[in-house]
2 protein chains.
Amino acid sequence: MREEATAFVPGHITGFFSAHPDENPTKAGSRGAGLTLTDGVEVTVEPASGDESTIVLDGDELEIDPVSTVLETLGVTARVEGESDLPLGAGFGVSGAMALGTALAANRVFACKLSTNELVTIAHGAEVQAGTGLGDVVAQAHGGVPIRLEPGGPQENVLDSIPARARVEYVSFGELSTADVLSGDTETLTAAGQDALSRVVEEPTLLSFMYASRRFARDAELLTEHVSEAIADVSAVEGQASMAMLGDTVFALGTGLSDAGYEPSVCATHPAGAMLR
Amino acid sequence: MREEATAFVPGHITGFFSAHPDENPTKAGSRGAGLTLTDGVEVTVEPASGDESTIVLDGDELEIDPVSTVLETLGVTARVEGESDLPLGAGFGVSGAMALGTALAANRVFACKLSTNELVTIAHGAEVQAGTGLGDVVAQAHGGVPIRLEPGGPQENVLDSIPARARVEYVSFGELSTADVLSGDTETLTAAGQDALSRVVEEPTLLSFMYASRRFARDAELLTEHVSEAIADVSAVEGQASMAMLGDTVFALGTGLSDAGYEPSVCATHPAGAMLR
């Protein structure tokens, strides 16, 4: 057994999605597209000193259900410590990153001898069961600008991606509950998500992704006041911005938010998926 | 139209494989596993100044059939310039890297608006048609330590990977012709490749990959004298080495070749697939 292992998992901003529930959490998931980010989460796993697993994120001990589920599925008791560049609950896939990073790092520490697809399946299933996300984990395992053509874990899904890189700016105004939105009526949302996906499949470029994302946010009636205002401000300076699904968060390509007078966090798309350090 | 674009494509050492021909080059390919490398090829594409495409690798103008096919498929006339850390024809997937890098960079320069899977399909098909490789392109698009469970391009294949990173050392003694081996009797080779794949699927670790690769090289009767001797030298110092398929090249994990008194090139597994700069 190793003393500890660390994995980095990129953040993931979903631009648009449609929800595809299934009784089997490895088949359930979402279609959609998003940006993986160089801002992400470093997850370090070491064997627990006592009988119980503990989870720490940015110094605070807390419950993160998908992380507990991953540890239980692997049959290990561990101390998991995450350090995040990104806020939790604001649409950056931090819970998915914690789950996936835990799977990768625990596999190494405890010599579980599972493959990448098996680890991603466990983390995806744990996230779906917890209701904290539907597509972040598979996108974060892929990296780049993933397009989720078919939902589910790696045995079920079909992924493609937009062959592009970009500087990304973001401002987060606060949290939105993914679980609340996903437990409500998702019919309008799913129709809007399918429209957006058709557009991006037709033309897999960053510009069409941003256009489809803005239209999705409006048609699915998810825009918050803050985000709506910021998107208008960025448009006024000829920039491209949209809303991170699901958070009270606006993101823009290039210098869109800076140009509009905001003081955004700055990162870039991440060319690789989750990786061991 | 952009003036130019550059893509980096990691090198790829195949440890073992089985050949799966098909009349349709996007279905043809190989099963197997390998290491993608931080040593790779930078491919820069710009519009051709005249009526004909030109291909340059490390300063020399030459014919690389899969690159010409990629340009023809995209319907563009370009100057392609590659700079490689790796020797051509020695089992590092340089021709695949040139084909895939050309597809990614040309898509950007000429605004072809294709997705990553479409570009990988074009490069994979071009490589198969040319007979220069069967699995390098899809592995190089994936990154890490890819396991090719099912052959073919992205629409057809199934990939997994070994969740690990490693320092990699290699010494190349010369070229072997992939086309010659693949045009001969591949029955023994394919049986040995399937055995090796079963072993790595059962236990997806670097150690089992190296073991399966060594056994494959012996059972498929592909070992050269130089490589055979080097593998024995590395084993004698408790290291792990095997043969790059297909080249007169030995590779080792960690400091295996250095410890055995060789003066190897040193790189590492590449955590990401091919990427635009």
# chains A, B, ... in the order shown; residues from 1 in each chain; ligands from 1
>>> residues_around(residues="Phe209 in chain B", least_positions_apart="3", cutoff="9 Å", atoms="only C-alpha atoms", output="PyMOL selection string")
chain B and resi 15-16+33-34+162+196-197+199-200+203-206+212-214
>>> calpha_fit_and_write(fixed="chain B", moving="chain A", output="mmCIF file with C-alpha atoms, in the first residue's frame")
data_model
loop_
_atom_site.group_PDB
_atom_site.id
_atom_site.type_symbol
_atom_site.label_atom_id
_atom_site.label_comp_id
_atom_site.auth_asym_id
_atom_site.auth_seq_id
_atom_site.Cartn_x
_atom_site.Cartn_y
_atom_site.Cartn_z
ATOM 1 C CA MET A 1 -8.398 31.570 -43.063
ATOM 2 C CA ARG A 2 -5.694 31.598 -40.404
ATOM 3 C CA GLU A 3 -2.078 31.977 -41.390
ATOM 4 C CA GLU A 4 -0.991 28.819 -39.597
ATOM 5 C CA ALA A 5 -1.818 26.447 -36.744
ATOM 6 C CA THR A 6 0.295 23.982 -34.784
ATOM 7 C CA ALA A 7 -0.689 20.723 -33.121
ATOM 8 C CA PHE A 8 1.384 18.529 -30.794
ATOM 9 C CA VAL A 9 0.886 14.788 -31.090
ATOM 10 C CA PRO A 10 2.493 12.482 -28.519
ATOM 11 C CA GLY A 11 4.626 9.581 -29.716
ATOM 12 C CA HIS A 12 3.161 6.120 -29.177
ATOM 13 C CA ILE A 13 4.992 2.900 -28.370
ATOM 14 C CA THR A 14 2.835 -0.178 -28.949
ATOM 15 C CA GLY A 15 3.698 -2.967 -26.500
ATOM 16 C CA PHE A 16 1.541 -5.637 -28.163
ATOM 17 C CA PHE A 17 -1.217 -5.805 -30.747
ATOM 18 C CA SER A 18 -3.382 -7.965 -32.956
ATOM 19 C CA ALA A 19 -4.218 -6.942 -36.516
ATOM 20 C CA HIS A 20 -7.846 -6.631 -37.630
ATOM 21 C CA PRO A 21 -8.068 -5.885 -41.352
ATOM 22 C CA ASP A 22 -11.307 -4.677 -42.931
ATOM 23 C CA GLU A 23 -12.167 -3.364 -46.381
ATOM 24 C CA ASN A 24 -13.391 -0.180 -44.726
ATOM 25 C CA PRO A 25 -10.297 1.633 -43.411
ATOM 26 C CA THR A 26 -12.302 3.317 -40.618
ATOM 27 C CA LYS A 27 -13.295 -0.162 -39.335
ATOM 28 C CA ALA A 28 -9.871 -1.761 -39.822
ATOM 29 C CA GLY A 29 -7.329 -1.419 -37.052
ATOM 30 C CA SER A 30 -5.765 -3.245 -34.158
ATOM 31 C CA ARG A 31 -6.371 -4.281 -30.586
ATOM 32 C CA GLY A 32 -3.512 -3.810 -28.142
ATOM 33 C CA ALA A 33 -1.947 -1.474 -25.632
ATOM 34 C CA GLY A 34 0.878 1.040 -25.514
ATOM 35 C CA LEU A 35 2.400 4.134 -23.985
ATOM 36 C CA THR A 36 1.859 7.644 -25.355
ATOM 37 C CA LEU A 37 4.968 9.778 -24.843
ATOM 38 C CA THR A 38 5.862 13.352 -23.956
ATOM 39 C CA ASP A 39 8.336 13.005 -26.860
ATOM 40 C CA GLY A 40 6.254 13.541 -29.963
ATOM 41 C CA VAL A 41 5.773 15.594 -33.098
ATOM 42 C CA GLU A 42 4.879 19.289 -33.521
ATOM 43 C CA VAL A 43 2.976 19.707 -36.769
ATOM 44 C CA THR A 44 2.477 23.159 -38.286
ATOM 45 C CA VAL A 45 0.123 23.678 -41.205
ATOM 46 C CA GLU A 46 -0.184 26.746 -43.410
ATOM 47 C CA PRO A 47 -1.887 27.297 -46.765
ATOM 48 C CA ALA A 48 0.396 26.231 -49.656
ATOM 49 C CA SER A 49 1.998 29.078 -51.575
ATOM 50 C CA GLY A 50 1.533 27.234 -54.878
ATOM 51 C CA ASP A 51 -0.857 24.586 -56.266
ATOM 52 C CA GLU A 52 0.685 21.599 -54.515
ATOM 53 C CA SER A 53 0.967 20.445 -50.937
ATOM 54 C CA THR A 54 4.435 19.960 -49.478
ATOM 55 C CA ILE A 55 5.441 17.899 -46.455
ATOM 56 C CA VAL A 56 8.583 18.590 -44.462
ATOM 57 C CA LEU A 57 9.819 16.541 -41.497
ATOM 58 C CA ASP A 58 12.785 17.839 -39.511
ATOM 59 C CA GLY A 59 13.850 20.019 -42.434
ATOM 60 C CA ASP A 60 13.627 17.363 -45.145
ATOM 61 C CA GLU A 61 10.912 17.479 -47.790
ATOM 62 C CA LEU A 62 9.478 13.989 -48.170
ATOM 63 C CA GLU A 63 6.407 11.915 -49.088
ATOM 64 C CA ILE A 64 4.285 10.737 -46.176
ATOM 65 C CA ASP A 65 1.268 9.037 -47.755
ATOM 66 C CA PRO A 66 -1.136 9.336 -44.803
ATOM 67 C CA VAL A 67 -0.472 13.087 -44.620
ATOM 68 C CA SER A 68 -1.232 13.557 -48.335
ATOM 69 C CA THR A 69 -4.437 11.538 -47.885
ATOM 70 C CA VAL A 70 -5.543 13.690 -44.939
ATOM 71 C CA LEU A 71 -5.039 16.882 -46.940
ATOM 72 C CA GLU A 72 -6.902 15.425 -49.933
ATOM 73 C CA THR A 73 -9.785 14.283 -47.729
ATOM 74 C CA LEU A 74 -10.073 17.768 -46.230
ATOM 75 C CA GLY A 75 -9.866 19.230 -49.749
ATOM 76 C CA VAL A 76 -7.021 21.604 -48.922
ATOM 77 C CA THR A 77 -3.579 22.389 -50.319
ATOM 78 C CA ALA A 78 -1.061 23.080 -47.573
ATOM 79 C CA ARG A 79 2.509 23.211 -46.443
ATOM 80 C CA VAL A 80 2.923 20.753 -43.534
ATOM 81 C CA GLU A 81 6.017 21.028 -41.391
ATOM 82 C CA GLY A 82 6.783 18.483 -38.670
ATOM 83 C CA GLU A 83 9.408 18.678 -35.954
ATOM 84 C CA SER A 84 9.916 15.358 -34.271
ATOM 85 C CA ASP A 85 11.681 14.285 -31.076
ATOM 86 C CA LEU A 86 11.483 10.731 -32.403
ATOM 87 C CA PRO A 87 12.970 8.722 -35.287
ATOM 88 C CA LEU A 88 10.705 7.716 -38.218
ATOM 89 C CA GLY A 89 10.091 3.993 -38.809
ATOM 90 C CA ALA A 90 11.358 2.923 -35.397
ATOM 91 C CA GLY A 91 8.044 2.143 -33.673
ATOM 92 C CA PHE A 92 7.037 5.537 -32.242
ATOM 93 C CA GLY A 93 4.026 6.299 -34.429
ATOM 94 C CA VAL A 94 5.647 9.274 -36.169
ATOM 95 C CA SER A 95 3.639 8.790 -39.378
ATOM 96 C CA GLY A 96 0.422 8.569 -37.339
ATOM 97 C CA ALA A 97 1.435 11.709 -35.454
ATOM 98 C CA MET A 98 2.058 13.552 -38.723
ATOM 99 C CA ALA A 99 -1.350 12.468 -40.061
ATOM 100 C CA LEU A 100 -3.268 13.375 -36.894
ATOM 101 C CA GLY A 101 -1.410 16.638 -36.331
ATOM 102 C CA THR A 102 -2.085 17.609 -39.951
ATOM 103 C CA ALA A 103 -5.808 16.902 -39.516
ATOM 104 C CA LEU A 104 -6.077 18.974 -36.309
ATOM 105 C CA ALA A 105 -4.003 21.905 -37.538
ATOM 106 C CA ALA A 106 -5.510 21.986 -41.052
ATOM 107 C CA ASN A 107 -9.047 21.942 -39.580
ATOM 108 C CA ARG A 108 -8.120 25.108 -37.720
ATOM 109 C CA VAL A 109 -6.247 26.894 -40.510
ATOM 110 C CA PHE A 110 -8.903 26.210 -43.149
ATOM 111 C CA ALA A 111 -11.921 26.428 -40.758
ATOM 112 C CA CYS A 112 -13.161 22.986 -41.850
ATOM 113 C CA LYS A 113 -15.488 22.838 -38.801
ATOM 114 C CA LEU A 114 -15.028 19.121 -38.176
ATOM 115 C CA SER A 115 -15.229 17.507 -34.733
ATOM 116 C CA THR A 116 -12.321 15.755 -33.036
ATOM 117 C CA ASN A 117 -13.783 12.311 -33.799
ATOM 118 C CA GLU A 118 -14.176 13.232 -37.470
ATOM 119 C CA LEU A 119 -10.545 14.400 -37.666
ATOM 120 C CA VAL A 120 -9.271 11.276 -35.886
ATOM 121 C CA THR A 121 -11.347 9.106 -38.239
ATOM 122 C CA ILE A 122 -9.754 10.782 -41.272
ATOM 123 C CA ALA A 123 -6.221 10.389 -39.908
ATOM 124 C CA HIS A 124 -6.796 6.781 -38.806
ATOM 125 C CA GLY A 125 -8.264 5.830 -42.174
ATOM 126 C CA ALA A 126 -5.363 7.479 -44.001
ATOM 127 C CA GLU A 127 -2.816 5.594 -41.876
ATOM 128 C CA VAL A 128 -4.571 2.244 -42.399
ATOM 129 C CA GLN A 129 -4.807 2.809 -46.168
ATOM 130 C CA ALA A 130 -1.104 3.607 -46.342
ATOM 131 C CA GLY A 131 -0.262 0.470 -44.342
ATOM 132 C CA THR A 132 1.965 2.481 -41.980
ATOM 133 C CA GLY A 133 -0.005 1.716 -38.807
ATOM 134 C CA LEU A 134 -3.218 0.267 -37.390
ATOM 135 C CA GLY A 135 -3.670 1.719 -33.929
ATOM 136 C CA ASP A 136 -1.267 4.617 -33.362
ATOM 137 C CA VAL A 137 -3.654 7.398 -34.379
ATOM 138 C CA VAL A 138 -6.499 6.469 -32.024
ATOM 139 C CA ALA A 139 -4.015 5.914 -29.187
ATOM 140 C CA GLN A 140 -2.338 9.272 -29.875
ATOM 141 C CA ALA A 141 -5.720 11.014 -29.860
ATOM 142 C CA HIS A 142 -6.446 9.447 -26.438
ATOM 143 C CA GLY A 143 -3.173 9.975 -24.549
ATOM 144 C CA GLY A 144 -2.050 8.260 -21.338
ATOM 145 C CA VAL A 145 -1.564 4.489 -21.510
ATOM 146 C CA PRO A 146 -4.361 3.452 -23.862
ATOM 147 C CA ILE A 147 -5.789 -0.056 -24.158
ATOM 148 C CA ARG A 148 -7.425 -0.661 -27.537
ATOM 149 C CA LEU A 149 -10.202 -3.134 -26.729
ATOM 150 C CA GLU A 150 -11.891 -2.976 -30.129
ATOM 151 C CA PRO A 151 -10.253 -1.941 -33.423
ATOM 152 C CA GLY A 152 -11.047 0.916 -35.778
ATOM 153 C CA GLY A 153 -11.634 4.641 -35.774
ATOM 154 C CA PRO A 154 -13.575 6.529 -33.066
ATOM 155 C CA GLN A 155 -17.001 5.491 -34.417
ATOM 156 C CA GLU A 156 -16.085 1.830 -34.164
ATOM 157 C CA ASN A 157 -13.485 1.263 -31.500
ATOM 158 C CA VAL A 158 -13.602 0.809 -27.739
ATOM 159 C CA LEU A 159 -10.778 2.279 -25.678
ATOM 160 C CA ASP A 160 -9.855 2.012 -22.021
ATOM 161 C CA SER A 161 -6.576 2.902 -20.326
ATOM 162 C CA ILE A 162 -4.222 2.016 -17.496
ATOM 163 C CA PRO A 163 -4.582 4.748 -14.847
ATOM 164 C CA ALA A 164 -0.861 5.351 -14.314
ATOM 165 C CA ARG A 165 2.051 7.571 -15.261
ATOM 166 C CA ALA A 166 5.696 6.630 -15.681
ATOM 167 C CA ARG A 167 9.110 7.829 -16.718
ATOM 168 C CA VAL A 168 10.007 6.085 -19.981
ATOM 169 C CA GLU A 169 13.467 5.383 -21.410
ATOM 170 C CA TYR A 170 14.181 4.145 -24.925
ATOM 171 C CA VAL A 171 17.037 3.236 -27.262
ATOM 172 C CA SER A 172 16.457 2.791 -30.976
ATOM 173 C CA PHE A 173 18.827 0.545 -32.922
ATOM 174 C CA GLY A 174 17.135 1.126 -36.285
ATOM 175 C CA GLU A 175 14.052 0.673 -38.429
ATOM 176 C CA LEU A 176 11.665 -2.203 -39.038
ATOM 177 C CA SER A 177 9.038 -2.044 -41.790
ATOM 178 C CA THR A 178 5.524 -2.107 -40.330
ATOM 179 C CA ALA A 179 4.172 -2.794 -43.816
ATOM 180 C CA ASP A 180 6.405 -5.899 -44.218
ATOM 181 C CA VAL A 181 5.313 -7.438 -40.927
ATOM 182 C CA LEU A 182 1.640 -6.635 -41.489
ATOM 183 C CA SER A 183 1.649 -8.049 -45.015
ATOM 184 C CA GLY A 184 3.108 -11.368 -43.814
ATOM 185 C CA ASP A 185 1.325 -14.191 -41.947
ATOM 186 C CA THR A 186 -0.222 -12.484 -38.920
ATOM 187 C CA GLU A 187 -1.955 -15.534 -37.376
ATOM 188 C CA THR A 188 0.683 -16.266 -34.712
ATOM 189 C CA LEU A 189 0.989 -12.560 -34.005
ATOM 190 C CA THR A 190 -2.749 -12.130 -33.563
ATOM 191 C CA ALA A 191 -3.035 -15.097 -31.171
ATOM 192 C CA ALA A 192 -0.167 -13.719 -29.080
ATOM 193 C CA GLY A 193 -1.767 -10.260 -29.144
ATOM 194 C CA GLN A 194 -5.114 -11.555 -27.896
ATOM 195 C CA ASP A 195 -3.390 -13.403 -25.023
ATOM 196 C CA ALA A 196 -1.527 -10.260 -24.028
ATOM 197 C CA LEU A 197 -4.698 -8.165 -24.143
ATOM 198 C CA SER A 198 -6.572 -10.624 -21.890
ATOM 199 C CA ARG A 199 -3.805 -10.332 -19.333
ATOM 200 C CA VAL A 200 -3.862 -6.517 -19.312
ATOM 201 C CA VAL A 201 -7.675 -6.356 -19.179
ATOM 202 C CA GLU A 202 -7.565 -8.732 -16.196
ATOM 203 C CA GLU A 203 -4.978 -6.554 -14.450
ATOM 204 C CA PRO A 204 -4.668 -3.040 -15.944
ATOM 205 C CA THR A 205 -1.333 -2.054 -14.373
ATOM 206 C CA LEU A 206 1.993 -0.972 -15.892
ATOM 207 C CA LEU A 207 3.719 -4.072 -14.547
ATOM 208 C CA SER A 208 1.263 -6.423 -16.217
ATOM 209 C CA PHE A 209 1.520 -4.339 -19.435
ATOM 210 C CA MET A 210 5.301 -4.786 -19.493
ATOM 211 C CA TYR A 211 5.037 -8.514 -18.769
ATOM 212 C CA ALA A 212 2.397 -9.005 -21.477
ATOM 213 C CA SER A 213 4.470 -6.970 -23.961
ATOM 214 C CA ARG A 214 7.637 -9.020 -23.396
ATOM 215 C CA ARG A 215 5.751 -12.268 -23.760
ATOM 216 C CA PHE A 216 4.068 -10.982 -26.943
ATOM 217 C CA ALA A 217 7.392 -9.980 -28.495
ATOM 218 C CA ARG A 218 8.746 -13.478 -27.855
ATOM 219 C CA ASP A 219 5.627 -15.463 -28.860
ATOM 220 C CA ALA A 220 5.056 -13.405 -32.022
ATOM 221 C CA GLU A 221 8.723 -13.984 -32.927
ATOM 222 C CA LEU A 222 9.375 -10.309 -33.518
ATOM 223 C CA LEU A 223 12.382 -9.828 -31.192
ATOM 224 C CA THR A 224 15.499 -8.508 -32.853
ATOM 225 C CA GLU A 225 18.932 -9.445 -31.539
ATOM 226 C CA HIS A 226 19.651 -5.943 -30.214
ATOM 227 C CA VAL A 227 16.322 -5.672 -28.417
ATOM 228 C CA SER A 228 16.523 -9.180 -26.992
ATOM 229 C CA GLU A 229 19.928 -8.429 -25.509
ATOM 230 C CA ALA A 230 18.794 -5.102 -24.063
ATOM 231 C CA ILE A 231 15.712 -6.648 -22.439
ATOM 232 C CA ALA A 232 17.963 -9.258 -20.793
ATOM 233 C CA ASP A 233 20.342 -6.525 -19.600
ATOM 234 C CA VAL A 234 17.453 -4.561 -18.046
ATOM 235 C CA SER A 235 16.023 -7.707 -16.430
ATOM 236 C CA ALA A 236 19.456 -8.400 -14.902
ATOM 237 C CA VAL A 237 19.179 -5.125 -12.958
ATOM 238 C CA GLU A 238 15.557 -5.880 -11.920
ATOM 239 C CA GLY A 239 14.097 -3.497 -14.514
ATOM 240 C CA GLN A 240 11.158 -3.752 -16.912
ATOM 241 C CA ALA A 241 11.821 -3.461 -20.646
ATOM 242 C CA SER A 242 10.227 -4.596 -23.888
ATOM 243 C CA MET A 243 10.219 -3.944 -27.640
ATOM 244 C CA ALA A 244 8.430 -1.113 -29.444
ATOM 245 C CA MET A 245 6.078 -2.559 -32.088
ATOM 246 C CA LEU A 246 7.264 -2.177 -34.807
ATOM 247 C CA GLY A 247 10.813 -0.891 -34.588
ATOM 248 C CA ASP A 248 14.259 -2.135 -33.661
ATOM 249 C CA THR A 249 13.684 -0.231 -30.422
ATOM 250 C CA VAL A 250 13.775 -1.169 -26.741
ATOM 251 C CA PHE A 251 11.859 0.794 -24.091
ATOM 252 C CA ALA A 252 11.880 0.577 -20.316
ATOM 253 C CA LEU A 253 9.987 2.029 -17.381
ATOM 254 C CA GLY A 254 11.738 4.254 -14.837
ATOM 255 C CA THR A 255 15.529 4.004 -15.041
ATOM 256 C CA GLY A 256 15.690 0.461 -16.428
ATOM 257 C CA LEU A 257 17.973 1.162 -19.389
ATOM 258 C CA SER A 258 20.183 3.664 -17.534
ATOM 259 C CA ASP A 259 20.643 1.171 -14.713
ATOM 260 C CA ALA A 260 21.699 -1.428 -17.262
ATOM 261 C CA GLY A 261 24.432 0.885 -18.595
ATOM 262 C CA TYR A 262 22.692 2.206 -21.717
ATOM 263 C CA GLU A 263 22.435 5.893 -22.629
ATOM 264 C CA PRO A 264 18.740 6.099 -23.423
ATOM 265 C CA SER A 265 16.512 8.959 -24.487
ATOM 266 C CA VAL A 266 14.301 9.882 -21.541
ATOM 267 C CA CYS A 267 10.684 11.036 -21.556
ATOM 268 C CA ALA A 268 7.438 10.131 -19.780
ATOM 269 C CA THR A 269 3.921 9.006 -20.512
ATOM 270 C CA HIS A 270 1.844 11.895 -21.891
ATOM 271 C CA PRO A 271 -1.291 12.567 -19.865
ATOM 272 C CA ALA A 272 -3.224 14.109 -22.757
ATOM 273 C CA GLY A 273 -4.011 13.165 -26.319
ATOM 274 C CA ALA A 274 -3.050 15.201 -29.377
ATOM 275 C CA MET A 275 -3.711 18.909 -28.876
ATOM 276 C CA LEU A 276 -3.639 22.208 -30.673
ATOM 277 C CA ARG A 277 -0.944 24.557 -29.398
#
>>> select_by_dssp(residues="range 63-213 of chain A", states="strand (DSSP E)", output="PyMOL selection string")
chain A and resi 78-84+146-150+158-161+167-174
>>> select_by_dssp(residues="range 91-238 of chain A", states="helix (DSSP H, G or I)", output="number ranges by chain")
A: 94-109, 116-130, 136-142, 178-183, 187-202, 206-219, 225-236
